[in-house]
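Okay, protein.csv now, which holds CSV, C-alpha atoms:
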chain,number,residue,atom,x,y,z
S,1,MET,CA,0.0,0.0,0.0
S,2,ALA,CA,2.8,2.4,0.9
S,3,SER,CA,4.5,1.8,-2.5
S,4,ILE,CA,1.2,2.5,-4.3
S,5,LEU,CA,0.6,5.7,-2.5
S,6,LEU,CA,4.2,6.9,-3.2
S,7,ASN,CA,3.7,6.2,-6.9
S,8,VAL,CA,0.4,8.1,-6.9
S,9,LEU,CA,2.0,11.1,-5.2
S,10,LYS,CA,4.8,11.2,-7.8
S,11,ARG,CA,2.4,11.1,-10.7
S,12,VAL,CA,-0.4,13.4,-9.3
S,13,VAL,CA,2.1,16.1,-8.2
S,14,LEU,CA,4.4,16.1,-11.1
S,15,GLY,CA,2.5,14.4,-13.8
S,16,GLY,CA,3.5,11.6,-16.2
S,17,ASP,CA,6.6,9.5,-15.8
S,18,ARG,CA,9.9,10.2,-14.0
S,19,ASP,CA,11.6,11.6,-17.2
S,20,GLY,CA,8.6,13.9,-17.8
S,21,ALA,CA,8.7,15.0,-14.2
S,22,ALA,CA,12.4,15.9,-14.4
S,23,ALA,CA,11.8,17.9,-17.6
S,24,ALA,CA,8.8,19.7,-16.0
S,25,GLY,CA,10.9,20.5,-12.9
S,26,SER,CA,13.7,22.0,-15.0
S,27,HIS,CA,11.5,24.3,-17.0
S,28,GLY,CA,8.5,25.2,-14.7
S,29,GLU,CA,7.6,25.8,-11.2
S,30,LEU,CA,8.4,23.0,-8.7
S,31,PRO,CA,5.5,21.7,-6.5
S,32,GLU,CA,5.7,23.0,-3.0
S,33,PHE,CA,4.7,21.6,0.4
S,34,GLY,CA,4.9,24.5,2.8
S,35,THR,CA,8.5,25.7,2.4
S,36,LEU,CA,9.6,22.4,0.8
S,37,LYS,CA,10.0,21.8,-2.9
S,38,LEU,CA,10.0,18.5,-4.7
S,39,LYS,CA,12.2,17.5,-7.6
S,40,ARG,CA,13.6,14.5,-9.4
S,41,CYS,CA,17.4,14.8,-8.9
S,42,ARG,CA,20.5,12.8,-9.7
S,43,TYR,CA,20.0,10.1,-7.1
S,44,GLY,CA,16.2,10.2,-6.8
S,45,TRP,CA,13.3,12.3,-5.6
S,46,MET,CA,14.2,15.1,-3.2
S,47,LEU,CA,12.2,17.3,-0.8
S,48,PHE,CA,14.3,20.3,0.0
S,49,ASP,CA,14.5,24.0,1.0
S,50,GLY,CA,17.2,26.4,2.1
S,51,PRO,CA,19.7,28.8,0.5
S,52,PHE,CA,22.5,26.3,0.0
S,53,ILE,CA,21.6,22.6,-0.1
S,54,GLY,CA,18.1,23.4,-1.3
S,55,LYS,CA,19.2,25.9,-3.9
S,56,CYS,CA,21.7,23.3,-5.3
S,57,PHE,CA,18.9,20.7,-5.7
S,58,GLU,CA,16.6,23.3,-7.2
S,59,LEU,CA,19.1,24.7,-9.8
S,60,TYR,CA,21.5,21.7,-10.3
S,61,GLY,CA,19.6,18.6,-9.3
S,62,GLU,CA,22.5,17.6,-7.0
S,63,TYR,CA,24.5,18.7,-4.1
S,64,SER,CA,28.3,18.7,-3.6
S,65,GLU,CA,29.0,16.0,-6.2
S,66,SER,CA,32.7,16.3,-5.6
S,67,GLU,CA,32.2,14.9,-2.0
S,68,VAL,CA,30.1,12.1,-3.6
S,69,ALA,CA,32.9,11.3,-6.0
S,70,LEU,CA,35.5,11.2,-3.3
S,71,MET,CA,33.5,8.8,-1.1
S,72,ARG,CA,32.7,6.6,-4.1
S,73,ALA,CA,36.4,5.9,-4.5
S,74,TYR,CA,36.5,4.0,-1.2
S,75,LEU,CA,33.1,2.3,-1.1
S,76,ARG,CA,32.0,-1.1,-2.3
S,77,GLU,CA,28.9,-3.2,-2.5
S,78,GLY,CA,28.0,-4.5,1.0
S,79,ASP,CA,29.9,-1.8,3.0
S,80,THR,CA,28.7,-0.1,6.1
S,81,VAL,CA,28.8,3.7,6.3
S,82,LEU,CA,28.1,6.2,9.0
S,83,ASP,CA,26.6,9.5,7.7
S,84,ILE,CA,26.7,11.7,10.8
S,85,GLY,CA,25.1,15.1,10.2
S,86,ALA,CA,22.9,13.6,7.4
S,87,ASN,CA,20.7,16.7,7.2
S,88,ILE,CA,17.9,16.0,4.6
S,89,GLY,CA,19.7,13.0,3.2
S,90,ASP,CA,21.5,15.0,0.5
S,91,LEU,CA,24.5,12.7,0.7
S,92,THR,CA,22.7,9.7,2.3
S,93,LEU,CA,20.9,8.9,-1.0
S,94,PRO,CA,24.1,8.5,-3.1
S,95,LEU,CA,25.8,6.6,-0.2
S,96,ALA,CA,22.9,4.2,-0.1
S,97,ARG,CA,23.2,3.5,-3.8
S,98,MET,CA,27.0,3.1,-3.6
S,99,VAL,CA,26.8,0.3,-1.0
S,100,GLY,CA,23.9,-1.4,-2.6
S,101,ALA,CA,21.2,-3.6,-1.1
S,102,SER,CA,23.7,-5.7,0.8
S,103,GLY,CA,25.2,-2.6,2.4
S,104,LEU,CA,24.0,-0.4,5.2
S,105,VAL,CA,24.1,3.4,5.9
S,106,TYR,CA,23.4,4.7,9.4
S,107,ALA,CA,22.1,8.2,8.7
S,108,ILE,CA,22.2,10.2,11.9
S,109,GLU,CA,20.7,13.7,12.2
S,110,SER,CA,20.1,15.7,15.4
S,111,HIS,CA,17.6,18.3,14.2
S,112,ALA,CA,14.0,17.1,14.2
S,113,ARG,CA,12.9,19.0,11.1
S,114,ALA,CA,15.8,18.0,8.9
S,115,PHE,CA,15.5,14.4,10.2
S,116,ASN,CA,11.8,14.3,9.2
S,117,VAL,CA,12.6,15.6,5.7
S,118,MET,CA,15.4,13.0,5.4
S,119,CYS,CA,12.9,10.2,6.3
S,120,GLY,CA,10.5,11.6,3.7
S,121,ASN,CA,13.3,11.4,1.0
S,122,LEU,CA,14.1,7.9,2.0
S,123,ALA,CA,10.4,6.9,1.7
S,124,LEU,CA,9.9,8.7,-1.6
S,125,ASN,CA,12.8,6.6,-3.1
S,126,GLU,CA,11.8,3.4,-1.3
S,127,ILE,CA,15.3,3.1,0.1
S,128,ALA,CA,15.6,0.0,2.4
S,129,ASN,CA,19.3,0.0,3.3
S,130,VAL,CA,19.4,3.1,5.4
S,131,GLN,CA,18.8,3.2,9.2
S,132,PRO,CA,17.8,6.8,10.0
S,133,ILE,CA,18.5,7.9,13.6
S,134,ASN,CA,17.5,11.1,15.3
S,135,ALA,CA,20.3,11.6,17.8
S,136,PHE,CA,23.1,14.0,18.9
S,137,VAL,CA,26.3,12.1,18.4
S,138,GLY,CA,29.1,12.5,20.9
S,139,ARG,CA,30.5,11.3,24.2
S,140,ARG,CA,28.0,11.0,27.1
S,141,GLU,CA,30.2,13.2,29.3
S,142,THR,CA,29.6,15.9,26.7
S,143,ALA,CA,25.9,15.8,27.5
S,144,GLU,CA,26.6,15.8,31.2
S,145,ASN,CA,28.7,19.0,30.6
S,146,SER,CA,25.7,20.7,28.9
S,147,GLY,CA,27.0,20.0,25.4
S,148,LEU,CA,23.5,19.7,24.1
S,149,GLN,CA,22.5,23.1,25.6
S,150,ALA,CA,25.6,24.7,24.1
S,151,ALA,CA,24.7,23.2,20.7
S,152,ARG,CA,21.2,24.7,20.9
S,153,ALA,CA,22.6,28.1,21.6
S,154,LEU,CA,25.3,28.0,18.9
S,155,ASP,CA,24.6,30.2,15.9
S,156,THR,CA,27.3,29.8,13.3
S,157,GLN,CA,27.5,31.0,9.8
S,158,TRP,CA,26.7,27.6,8.3
S,159,GLY,CA,25.1,25.7,11.2
S,160,GLY,CA,22.4,27.7,12.9
S,161,LEU,CA,19.9,25.0,12.3
S,162,SER,CA,22.3,22.1,12.3
S,163,TYR,CA,22.1,20.8,15.9
S,164,VAL,CA,18.9,20.2,17.8
S,165,SER,CA,15.4,21.5,18.1
S,166,GLU,CA,14.2,23.1,21.3
S,167,LYS,CA,10.9,21.3,21.3
S,168,LEU,CA,12.1,17.8,20.4
S,169,PRO,CA,15.6,17.4,21.9
S,170,PRO,CA,17.3,14.2,20.6
S,171,PRO,CA,19.0,11.5,22.7
S,172,MET,CA,22.8,11.4,23.0
S,173,LEU,CA,24.5,8.7,21.0
S,174,PRO,CA,28.2,7.8,21.2
S,175,VAL,CA,29.3,6.0,18.0
S,176,ASP,CA,30.7,3.1,20.0
S,177,GLU,CA,27.3,2.3,21.4
S,178,LEU,CA,26.2,1.3,17.9
S,179,ASP,CA,28.7,-1.7,18.3
S,180,LEU,CA,29.3,-2.0,14.6
S,181,PRO,CA,31.0,-5.2,13.5
S,182,ASP,CA,32.4,-3.4,10.5
S,183,CYS,CA,32.5,0.1,9.1
S,184,ARG,CA,34.1,1.2,5.9
S,185,LEU,CA,33.6,5.0,6.1
S,186,ILE,CA,32.6,7.6,8.6
S,187,LYS,CA,31.4,10.9,7.2
S,188,ILE,CA,30.9,13.8,9.6
S,189,ASP,CA,29.4,17.2,8.9
S,190,VAL,CA,28.2,18.7,12.2
S,191,ASP,CA,29.6,22.3,12.2
S,192,GLY,CA,32.1,22.1,15.1
S,193,SER,CA,31.5,18.9,17.0
S,194,GLU,CA,33.7,16.6,14.8
S,195,LEU,CA,36.3,16.0,17.5
S,196,ASP,CA,33.8,14.9,20.1
S,197,ILE,CA,32.2,12.6,17.6
S,198,LEU,CA,35.5,11.0,16.7
S,199,LYS,CA,36.3,10.6,20.4
S,200,SER,CA,33.0,8.8,20.8
S,201,ALA,CA,34.0,6.4,18.1
S,202,GLN,CA,37.4,5.4,19.6
S,203,GLN,CA,36.7,1.7,19.8
S,204,THR,CA,34.9,1.6,16.4
S,205,ILE,CA,37.9,3.3,14.8
S,206,GLU,CA,40.4,1.0,16.5
S,207,ARG,CA,38.4,-2.1,15.5
S,208,CYS,CA,37.2,-1.2,12.0
S,209,ARG,CA,39.8,1.3,10.7
S,210,PRO,CA,37.4,3.1,8.5
S,211,VAL,CA,38.1,5.9,6.0
S,212,LEU,CA,37.3,9.2,7.7
S,213,TYR,CA,35.8,12.1,5.9
S,214,PHE,CA,34.9,15.2,8.0
S,215,GLU,CA,34.3,18.9,7.8
S,216,ASN,CA,37.1,21.0,9.3
S,217,ASP,CA,36.1,24.7,8.9
S,218,SER,CA,37.1,26.1,12.2
S,219,PRO,CA,40.6,27.5,12.6
S,220,ALA,CA,40.2,27.3,16.4
S,221,ASN,CA,39.2,23.6,16.4
S,222,SER,CA,41.4,22.4,13.6
S,223,PRO,CA,44.7,21.8,15.4
S,224,ALA,CA,43.2,19.5,18.0
S,225,LEU,CA,41.1,17.7,15.4
S,226,ILE,CA,44.1,17.1,13.2
S,227,SER,CA,46.3,16.0,16.1
S,228,HIS,CA,43.7,13.5,17.3
S,229,CYS,CA,43.5,11.8,13.9
S,230,TRP,CA,47.3,11.6,13.7
S,231,ASP,CA,47.3,10.0,17.1
S,232,GLN,CA,45.0,7.3,15.6
S,233,ASP,CA,47.5,6.7,12.8
S,234,TYR,CA,45.7,8.4,10.0
S,235,ASP,CA,47.2,10.4,7.1
S,236,LEU,CA,45.1,13.5,6.4
S,237,TYR,CA,44.3,15.4,3.2
S,238,TRP,CA,42.5,18.7,2.6
S,239,HIS,CA,39.5,18.5,0.2
S,240,LEU,CA,38.0,21.9,-0.7
S,241,ALA,CA,34.7,20.7,-2.1
S,242,PRO,CA,32.6,23.1,-4.2
S,243,ILE,CA,28.9,22.6,-3.5
S,244,CYS,CA,28.1,23.0,-7.2
S,245,GLY,CA,29.8,22.7,-10.6
S,246,PRO,CA,29.0,23.3,-14.2
S,247,ASP,CA,28.9,19.5,-15.1
S,248,ASN,CA,25.7,18.9,-13.1
S,249,TYR,CA,22.5,16.8,-13.4
S,250,SER,CA,20.4,19.7,-14.7
S,251,ASN,CA,23.0,20.9,-17.2
S,252,ASN,CA,23.0,24.3,-15.6
S,253,PRO,CA,26.3,26.1,-16.1
S,254,VAL,CA,25.4,29.2,-14.1
S,255,ASN,CA,27.0,29.6,-10.6
S,256,ALA,CA,24.1,31.1,-8.5
S,257,TRP,CA,26.6,32.6,-6.1
S,258,ALA,CA,29.0,34.1,-8.7
S,259,PRO,CA,31.6,35.4,-8.4
S,260,VAL,CA,31.9,33.4,-5.2
S,261,ASN,CA,32.7,29.7,-5.4
S,262,VAL,CA,31.1,28.3,-2.3
S,263,LEU,CA,33.2,25.5,-0.8
S,264,SER,CA,33.0,23.0,2.0
S,265,LEU,CA,36.3,22.5,3.7
S,266,MET,CA,36.6,18.8,4.2
S,267,VAL,CA,39.4,16.4,5.4
S,268,LEU,CA,40.0,12.9,4.1
S,269,GLY,CA,41.6,10.5,6.6
S,270,LEU,CA,43.2,7.3,5.5
S,271,PRO,CA,44.5,4.6,7.9
S,272,ARG,CA,48.3,4.6,7.5
S,273,GLU,CA,48.4,0.8,7.3
S,274,SER,CA,45.7,0.5,4.7
S,275,GLY,CA,47.7,1.2,1.6
S,276,LEU,CA,44.8,3.4,0.3
S,277,ALA,CA,45.8,6.4,-1.8
S,278,ALA,CA,44.3,9.8,-1.8
S,279,PRO,CA,42.7,11.1,-5.0
S,280,GLU,CA,45.0,13.1,-7.3
S,281,GLY,CA,45.2,16.7,-6.4
S,282,LEU,CA,44.5,16.5,-2.7
S,283,SER,CA,47.1,18.2,-0.5
S,284,ARG,CA,48.4,16.1,2.4
S,285,ILE,CA,48.3,17.9,5.8
S,286,ALA,CA,51.8,18.6,7.0
S,287,THR,CA,51.2,20.5,10.3
S,288,SER,CA,48.3,20.8,12.7
S,289,ARG,CA,48.4,24.6,12.2
S,290,GLU,CA,48.0,24.4,8.5
S,291,TRP,CA,45.0,26.3,7.2
S,292,PRO,CA,44.1,26.5,3.5
S,293,MET,CA,41.0,28.7,4.1
S,294,GLN,CA,41.8,32.0,2.4
S,295,GLU,CA,39.5,31.3,-0.6
S,296,THR,CA,36.7,30.0,1.6
S,297,GLU,CA,37.0,32.9,4.1
S,298,GLU,CA,36.8,35.3,1.2
S,299,ALA,CA,33.7,33.5,-0.1
S,300,ALA,CA,32.1,33.7,3.4
S,301,ARG,CA,32.9,37.4,3.6
S,302,GLN,CA,31.2,38.1,0.3
S,303,LEU,CA,28.2,36.0,1.2
S,304,ALA,CA,27.8,37.8,4.5
S,305,GLU,CA,28.0,41.2,2.7
S,306,ASN,CA,25.1,40.1,0.5
S,307,GLY,CA,23.0,38.8,3.5
S,308,LEU,CA,23.3,35.1,2.3
S,309,LEU,CA,24.9,33.5,5.4
S,310,GLU,CA,21.5,32.5,6.9
S,311,SER,CA,20.6,29.0,8.0

Show the structure stored in the file as structure tokens.
Amino acid sequence: MASILLNVLKRVVLGGDRDGAAAAGSHGELPEFGTLKLKRCRYGWMLFDGPFIGKCFELYGEYSESEVALMRAYLREGDTVLDIGANIGDLTLPLARMVGASGLVYAIESHARAFNVMCGNLALNEIANVQPINAFVGRRETAENSGLQAARALDTQWGGLSYVSEKLPPPMLPVDELDLPDCRLIKIDVDGSELDILKSAQQTIERCRPVLYFENDSPANSPALISHCWDQDYDLYWHLAPICGPDNYSNNPVNAWAPVNVLSLMVLGLPRESGLAAPEGLSRIATSREWPMQETEEAARQLAENGLLES
């Protein structure tokens, strides 16, 4: 019955088959549900809103495809992946397709609204290999020291809505309490709590030796984050990932933020004993104080001047 209802929704709202819907979405108004829009995108149907992720799906039919390509290089059918800070499922959907029906993605999102939209996107695409979890990931002592309260109060350039909702606070979940028998990759995008999450995954990292892929956009937090990963015997590489590019699903060559090139500052971590190689062009991190953020900081400054750094 659920499958029948989903197919009816797709046809009634957008009309015709999937190809027709995609064409209609690219040339006409997208159907809206409150503030959410619906569109057929590169990896399936997406409900979305917002000035960055949502705008990318609306204009390009995809989001941060360079991040997708990097993670694809290390994933295989049957792998287990942690997507921490899954948001609306923007990277969860491609990860689910990479690991296939025999694989598993744990998609963890702390904010209730984003989590609900992610679940809607999983349902719309009938994805059965993703375990969605509404939780704030970190060590339990972080919660005891009011980490959740601090997260609620935090208002950063990129993450004002990234943490938790006041009305529906999520439970605390250390990664190690998942007790994963294996894990190929851990992706983390949580606007500042990356180190605490990695510390909550100490046993998982020692046991599974996963590839790490995390955001590192705070010069104040970066040295400790880098040093922690080095202590776990990881080699680290900067990945400045543009959120959009000219070669996109919608064949739209126009950069909506021009002349700014909006980037996510990510770090790839490879276990030293694994023999895995970083993709060509990535710069290996040599010192914990290293900071390749001049271009991104300039982009943030220009966005702020234009009133675009809103959650």

Between atom CA of S:Met98 and atom CA of S:Glu280, measure the distance and give it in Å to one decimal.
-> 20.9 Å

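The residue set within 6 Å of stretch 66-79 of chain S, counting only C-alpha atoms and dropping same-chain residues fewer than 5 places from it, reads S:Val99, S:Gly100, S:Ser102, S:Gly103, S:Arg184, S:Ala241.
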
For the residues selected in the previous step, produce a file with C-alpha atoms as an mmCIF file, keeping the file's coordinate frame.
data_model
loop_
_atom_site.group_PDB
_atom_site.id
_atom_site.type_symbol
_atom_site.label_atom_id
_atom_site.label_comp_id
_atom_site.auth_asym_id
_atom_site.auth_seq_id
_atom_site.Cartn_x
_atom_site.Cartn_y
_atom_site.Cartn_z
ATOM 1 C CA VAL S 99 26.800 0.300 -1.000
ATOM 2 C CA GLY S 100 23.900 -1.400 -2.600
ATOM 3 C CA SER S 102 23.700 -5.700 0.800
ATOM 4 C CA GLY S 103 25.200 -2.600 2.400
ATOM 5 C CA ARG S 184 34.100 1.200 5.900
ATOM 6 C CA ALA S 241 34.700 20.700 -2.100
#

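Atom CA of S:Asp189 is found 19.9 Å from atom CA of S:Tyr43.
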
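Atom CA of S:Asp217 sits 28.5 Å away from atom CA of S:Leu122.
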
Write out as number ranges by chain the residues lying within 12 Å of stretch 287-293 of chain S, counting only C-alpha atoms and excluding same-chain residues fewer than 4 positions away.
-> S: 216-231, 235-241, 262-267, 282-283, 297-301

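Of the listed residues S:Met46, S:Met172, S:Val137, S:Cys56, the one whose atoms come nearest to S:Pro94 is S:Met46, with distances taken using only C-alpha atoms.
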
Write out as a tab-separated table the residues of stretch 163-222 of chain S that have any atom within 12 Å of an atom of stretch 81-91 of chain S, one row each with the nearest atom pair and its distance in Å to one decimal, counting all atoms listed in the file, sorted by chain and then rising number.
residue	atom	partner	partner_atom	distance
S:Tyr163	CA	S:Gly85	CA	8.6
S:Val164	CA	S:Gly85	CA	11.1
S:Leu173	CA	S:Ile84	CA	10.9
S:Pro174	CA	S:Ile84	CA	11.2
S:Val175	CA	S:Leu82	CA	9.1
S:Asp176	CA	S:Leu82	CA	11.7
S:Leu178	CA	S:Leu82	CA	10.3
S:Leu180	CA	S:Leu82	CA	10.0
S:Pro181	CA	S:Val81	CA	11.7
S:Asp182	CA	S:Val81	CA	9.0
S:Cys183	CA	S:Val81	CA	5.9
S:Arg184	CA	S:Val81	CA	5.9
S:Leu185	CA	S:Val81	CA	5.0
S:Ile186	CA	S:Leu82	CA	4.7
S:Lys187	CA	S:Asp83	CA	5.0
S:Ile188	CA	S:Ile84	CA	4.8
S:Asp189	CA	S:Gly85	CA	5.0
S:Val190	CA	S:Gly85	CA	5.2
S:Asp191	CA	S:Gly85	CA	8.7
S:Gly192	CA	S:Gly85	CA	11.0
S:Ser193	CA	S:Gly85	CA	10.1
S:Glu194	CA	S:Ile84	CA	9.4
S:Ile197	CA	S:Ile84	CA	8.8
S:Leu198	CA	S:Ile84	CA	10.6
S:Ala201	CA	S:Leu82	CA	10.8
S:Thr204	CA	S:Leu82	CA	11.1
S:Ile205	CA	S:Leu82	CA	11.8
S:Cys208	CA	S:Val81	CA	11.3
S:Pro210	CA	S:Val81	CA	8.9
S:Val211	CA	S:Val81	CA	9.6
S:Leu212	CA	S:Leu82	CA	9.8
S:Tyr213	CA	S:Asp83	CA	9.7
S:Phe214	CA	S:Ile84	CA	9.3
S:Glu215	CA	S:Gly85	CA	10.2

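For S:Gly120, the non-local neighbours within 9 Å, defined as residues at least 3 positions apart in the same chain or in other chains and counting only C-alpha atoms, are Met46, Leu47, Ile88, Phe115, Asn116, Val117, Ala123, Leu124 and Asn125 of chain S.
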
Could you add N, CA and C atoms to stretch 122-141 of chain S and give me the result as a PDB file, in the coordinates of the input?
ATOM      1  N   LEU S 122      13.870   9.316   2.020  1.00  0.00           N
ATOM      2  CA  LEU S 122      14.100   7.900   2.000  1.00  0.00           C
ATOM      3  C   LEU S 122      12.850   7.129   1.563  1.00  0.00           C
ATOM      4  N   ALA S 123      11.698   7.566   2.073  1.00  0.00           N
ATOM      5  CA  ALA S 123      10.400   6.900   1.700  1.00  0.00           C
ATOM      6  C   ALA S 123      10.073   7.137   0.261  1.00  0.00           C
ATOM      7  N   LEU S 124      10.252   8.367  -0.223  1.00  0.00           N
ATOM      8  CA  LEU S 124       9.900   8.700  -1.600  1.00  0.00           C
ATOM      9  C   LEU S 124      10.712   7.808  -2.589  1.00  0.00           C
ATOM     10  N   ASN S 125      11.919   7.430  -2.202  1.00  0.00           N
ATOM     11  CA  ASN S 125      12.800   6.600  -3.100  1.00  0.00           C
ATOM     12  C   ASN S 125      12.800   5.151  -2.693  1.00  0.00           C
ATOM     13  N   GLU S 126      11.963   4.773  -1.720  1.00  0.00           N
ATOM     14  CA  GLU S 126      11.800   3.400  -1.300  1.00  0.00           C
ATOM     15  C   GLU S 126      13.186   2.756  -0.973  1.00  0.00           C
ATOM     16  N   ILE S 127      13.999   3.510  -0.233  1.00  0.00           N
ATOM     17  CA  ILE S 127      15.300   3.100   0.100  1.00  0.00           C
ATOM     18  C   ILE S 127      15.266   2.218   1.395  1.00  0.00           C
ATOM     19  N   ALA S 128      15.742   0.990   1.318  1.00  0.00           N
ATOM     20  CA  ALA S 128      15.600   0.000   2.400  1.00  0.00           C
ATOM     21  C   ALA S 128      16.922  -0.293   3.106  1.00  0.00           C
ATOM     22  N   ASN S 129      18.014   0.300   2.661  1.00  0.00           N
ATOM     23  CA  ASN S 129      19.300   0.000   3.300  1.00  0.00           C
ATOM     24  C   ASN S 129      19.885   1.125   4.076  1.00  0.00           C
ATOM     25  N   VAL S 130      19.002   2.004   4.563  1.00  0.00           N
ATOM     26  CA  VAL S 130      19.400   3.100   5.400  1.00  0.00           C
ATOM     27  C   VAL S 130      18.665   3.037   6.740  1.00  0.00           C
ATOM     28  N   GLN S 131      19.413   3.141   7.832  1.00  0.00           N
ATOM     29  CA  GLN S 131      18.800   3.200   9.200  1.00  0.00           C
ATOM     30  C   GLN S 131      18.882   4.671   9.631  1.00  0.00           C
ATOM     31  N   PRO S 132      17.744   5.399   9.569  1.00  0.00           N
ATOM     32  CA  PRO S 132      17.800   6.800  10.000  1.00  0.00           C
ATOM     33  C   PRO S 132      17.676   6.846  11.551  1.00  0.00           C
ATOM     34  N   ILE S 133      18.476   7.721  12.146  1.00  0.00           N
ATOM     35  CA  ILE S 133      18.500   7.900  13.600  1.00  0.00           C
ATOM     36  C   ILE S 133      18.495   9.337  13.959  1.00  0.00           C
ATOM     37  N   ASN S 134      17.547   9.727  14.800  1.00  0.00           N
ATOM     38  CA  ASN S 134      17.500  11.100  15.300  1.00  0.00           C
ATOM     39  C   ASN S 134      18.234  11.147  16.627  1.00  0.00           C
ATOM     40  N   ALA S 135      19.483  11.626  16.595  1.00  0.00           N
ATOM     41  CA  ALA S 135      20.300  11.600  17.800  1.00  0.00           C
ATOM     42  C   ALA S 135      21.394  12.692  17.657  1.00  0.00           C
ATOM     43  N   PHE S 136      21.910  13.140  18.799  1.00  0.00           N
ATOM     44  CA  PHE S 136      23.100  14.000  18.900  1.00  0.00           C
ATOM     45  C   PHE S 136      24.260  13.160  19.191  1.00  0.00           C
ATOM     46  N   VAL S 137      25.208  13.065  18.266  1.00  0.00           N
ATOM     47  CA  VAL S 137      26.300  12.100  18.400  1.00  0.00           C
ATOM     48  C   VAL S 137      27.464  12.789  19.190  1.00  0.00           C
ATOM     49  N   GLY S 138      27.992  12.048  20.141  1.00  0.00           N
ATOM     50  CA  GLY S 138      29.100  12.500  20.900  1.00  0.00           C
ATOM     51  C   GLY S 138      29.286  11.668  22.168  1.00  0.00           C
ATOM     52  N   ARG S 139      30.235  12.042  23.003  1.00  0.00           N
ATOM     53  CA  ARG S 139      30.500  11.300  24.200  1.00  0.00           C
ATOM     54  C   ARG S 139      29.405  11.668  25.275  1.00  0.00           C
ATOM     55  N   ARG S 140      29.068  10.721  26.114  1.00  0.00           N
ATOM     56  CA  ARG S 140      28.000  11.000  27.100  1.00  0.00           C
ATOM     57  C   ARG S 140      28.480  12.055  28.108  1.00  0.00           C
ATOM     58  N   GLU S 141      29.774  12.166  28.368  1.00  0.00           N
ATOM     59  CA  GLU S 141      30.200  13.200  29.300  1.00  0.00           C
ATOM     60  C   GLU S 141      30.040  14.593  28.647  1.00  0.00           C
TER      61      GLU S 141
END
